[in-house]
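Data first, discussion second: the structure below is written as structure tokens.
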Amino acid sequence: MAQDVSDRKDMEFVLYDVLNIETLLNTPKFEGITRKTLDMLITEARSLALKELLPINAIGDREGCRYENGSVRVPEAFHRAFQKYREGDWITLADDPEVGGQGMPVSVSLAVAEYFNAANCSFCMYPGLCHGAGKLIEIFGTDEQKKLYLPNMYSGKWGGSMLLTEPNAGSDVGALTTTAVPNPDGTYSISGNKIFITAGDQDLTENIIHPVLARIEGAPAGTAGISLFIVPKIWVNPDGSLGEPNDIVCTGIEEKMGIHGSATCSMSLGAKGKCRGVLLGEKNKGMRVMFHLMNEARLGVGLQAFAMASAAYRHAAQYARERVQGRSLLSMMDPAAPPVTIVHHPDVRRMLLSMKAFVEGMRTLIYYVGYCFDRKASETDPQLADLYNGMIEVLTPVVKAYCSERAFDVCTQAVQVHGGYGYTREYPVEQLLRDCKITSIYEGTNGIQAMDLLGRKLGMKKGAYFMRFISEMQKTAQEAKAIPGLDLLSSRFEKAVNRFSETAMNLGLSAMSEKVQTAFAFAHPFLMVTGDILLAWFHLWRAKTAA
């Protein structure tokens, strides 16, 4: 089996010791699920990741996707892996059994996703979008739409995507020009062009269901007039059979810095005047619907980045234990001293320790968000369920932006540990660095995530959700003070939390005053400080648990 790309021991420590998720198994929501079941799931995920996904990661990078005669061909090796993924029912691991899911805790599904993304991020885009697009139909679709699309999407028989971005409407989604004209039969004629569409076309599935943002003729300008439509690649008849090809085609794919195995498509809708779609949700409420997919995707992007950082750290640590170079610092003056592996050199140890701290901290942060999802789903008290939902809302931009930036730092350090070899294709860290960079850009750039945190999330429920984090951090600091060896760390952390709380309050007030421009100039540094404080909290929590 290939070298492990994640730390199974630390996964279990976070899930079972820090978060104590076994208490969830006593709730009606997760009745019948045992720790043995969860352990078996993670074991099977690890096996699939290391045996099937990891060996084809470099192949997918070098082969890439091909655009031929209006169709996209993904790397050939992806087909077998996708079939294995489908057979394991991995797409709907944490979804309700009523819609074909397995009903597992979200926190455990994130551990599974960590293995998959650490092994092959590009591959994971395809089943990830099957799920994301299907989730929109599950939540907002009519009974007829759910019956027509969900079984095939959640099984991976059909694929999915999301069509938001246009040449002049990237981050400014409200500027889109794609139009929808109602037809007598209740469908809509869609016309427009989209770019940067992940999995907009591929040859893994027999059909692709595209959620498409468009503006119905006469609708208000901006995001207030945007609706969402289901636009199949091949029209689906009322009996579920496939009809004629729809007038939605890929016109080309991007040549990118990384994630070469993931098809990034330009899409044309209605070039022949025959693109049909059906409304998903209410008219002019498309952004509200799409935000469900975008929030899922933003958490997914943070996990993607972290998983690649985990793999990069594992590769760097293994390389440092094997690469012989130079004498020990303690024997520098002895020409007869034997050479040592580079893990003995203080600067290499510094880099590895930094990488380990960020990787284990990000793992705890991301699993904690999954734990909040699980607590929300299993909570019988509506106020507590709302509290956990609010905590998810606050953490979403942090997970996306902070993890994508810190993960890229980790990948950069992994290349540095390898030295000149890290800059070559001979070792996997070069690809991980390239693949990781996109995570700070797509699904809303990190600057947008910072604006979301400062402008929206900080003041939600009059700051109640944010203040809950402050009180939880202070509680951990107080508990850790009683543990020998953690008292000094706890005191320093407590001071940092108090300073952070004051800074957040002042910045929030400035954002609502004439100093708004200045306040938002500091939004991104504030988000990064928020992430650092959260990781400090989780490391103190981990230390307290270990003690």
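So you can find residues: chains in the structure tokens are A, B, ... in the order shown, residues in each start at 1, and ligands are numbered from 1 in order.
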Using only C-alpha atoms, which protein or nucleic acid residues come within 12 Å of Leu329 of chain A? Drop anything in the same chain fewer than 4 positions from it, and give the result as a ChimeraX atom specification.
/A:325,333-334,337-347
Selected residues, C-alpha atoms, written as a compact mmCIF listing (two decimals), in the first residue's frame, please.
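Ended up saving to out-v8.txt:
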# COMPACT_ATOMS: atom_id res chain seq x y z
CA GLN A 325 22.73 15.22 4.05
CA MET A 333 33.85 20.23 13.59
CA ASP A 334 34.51 16.51 13.33
CA ALA A 337 31.52 12.29 11.87
CA PRO A 338 28.97 10.32 9.81
CA PRO A 339 26.32 12.16 7.81
CA VAL A 340 22.80 12.26 9.27
CA THR A 341 19.28 12.39 7.90
CA ILE A 342 18.04 15.95 7.53
CA VAL A 343 15.40 15.49 10.24
CA HIS A 344 18.32 16.00 12.67
CA HIS A 345 18.90 19.58 11.43
CA PRO A 346 17.21 22.27 13.59
CA ASP A 347 15.87 24.29 10.64
For the structure I just gave you, how does DSSP split segment 278-320 of chain A - specifically, which residues are alpha helix (DSSP H)? Reply as a PyMOL selection string.
chain A and resi 286-320
Excluding segment 88-91 of chain A and any residue of its chain fewer than 3 positions from it, enumerate the residues within 8 Å of it, using only C-alpha atoms, and give them as a PyMOL selection string.
chain A and resi 84-85+127-128+130-131+154-156
List the neighbours of Ala305 of chain A out to 7 Å using only C-alpha atoms; skip same-chain residues closer than 6 positions along the sequence, and give me the result as a short mmCIF file (atom, residue, chain, number, x, y, z; two decimals) with all heavy atoms, in the first residue's frame.
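Writing done, so here's result-v3.cif:
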data_model
loop_
_atom_site.label_atom_id
_atom_site.label_comp_id
_atom_site.auth_asym_id
_atom_site.auth_seq_id
_atom_site.Cartn_x
_atom_site.Cartn_y
_atom_site.Cartn_z
N CYS A 403 -7.90 28.09 6.10
CA CYS A 403 -7.31 26.78 5.79
C CYS A 403 -6.65 26.79 4.41
O CYS A 403 -5.60 26.16 4.22
CB CYS A 403 -8.36 25.68 5.88
SG CYS A 403 -8.90 25.35 7.58
N SER A 404 -7.23 27.49 3.45
CA SER A 404 -6.62 27.51 2.12
C SER A 404 -5.27 28.23 2.14
O SER A 404 -4.33 27.83 1.45
CB SER A 404 -7.56 28.15 1.09
OG SER A 404 -7.83 29.51 1.41
N ALA A 407 -2.76 26.11 4.45
CA ALA A 407 -2.42 24.88 3.76
C ALA A 407 -1.41 25.14 2.65
O ALA A 407 -0.47 24.35 2.45
CB ALA A 407 -3.68 24.23 3.18
N CYS A 436 -2.92 23.07 -4.65
CA CYS A 436 -3.47 23.76 -3.48
C CYS A 436 -3.78 25.23 -3.74
O CYS A 436 -4.68 25.80 -3.13
CB CYS A 436 -2.50 23.62 -2.30
SG CYS A 436 -3.16 24.20 -0.73
N THR A 439 -7.33 26.88 -4.09
CA THR A 439 -8.30 26.89 -2.98
C THR A 439 -8.49 28.27 -2.37
O THR A 439 -9.52 28.53 -1.75
CB THR A 439 -7.90 25.89 -1.89
OG1 THR A 439 -6.60 26.22 -1.38
CG2 THR A 439 -7.88 24.47 -2.44
#
Tell me, in Å to one decimal, how far atom CA of Met505 of chain A is from atom CA of Val398 of chain A.
17.5 Å
Quick one: residues within 9 Å of Tyr368 of chain A, only C-alpha atoms, excluding same-chain residues fewer than 2 positions away - as a PyMOL selection string?
chain A and resi 14-15+19+107+363-366+370-373
So what do you get for atom CA of Arg35 of chain A versus atom CA of Leu110 of chain A, distance-wise?
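Atom-to-atom, atom CA of Arg35 of chain A to atom CA of Leu110 of chain A, that is 15.6 Å.
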Show me a table, sorted first by chain and then by increasing residue number, of the residues of segment 356-436 of chain A having an atom at most 10 Å from segment 59-79 of chain A, each with its shortest atom pair and the distance in Å to one decimal, counting only C-alpha atoms and written as JSON lines.
{"residue": "A:Arg425", "atom": "CA", "partner": "A:Arg62", "partner_atom": "CA", "distance": 9.9}
{"residue": "A:Gln431", "atom": "CA", "partner": "A:Asp61", "partner_atom": "CA", "distance": 7.7}
{"residue": "A:Asp435", "atom": "CA", "partner": "A:Asp61", "partner_atom": "CA", "distance": 9.2}
Quick one: DSSP strand (DSSP E or B) residues in segment 224-299 of chain A, as a PyMOL selection string?
chain A and resi 226-232+234-236+242-245+248-253+264-269+276-279
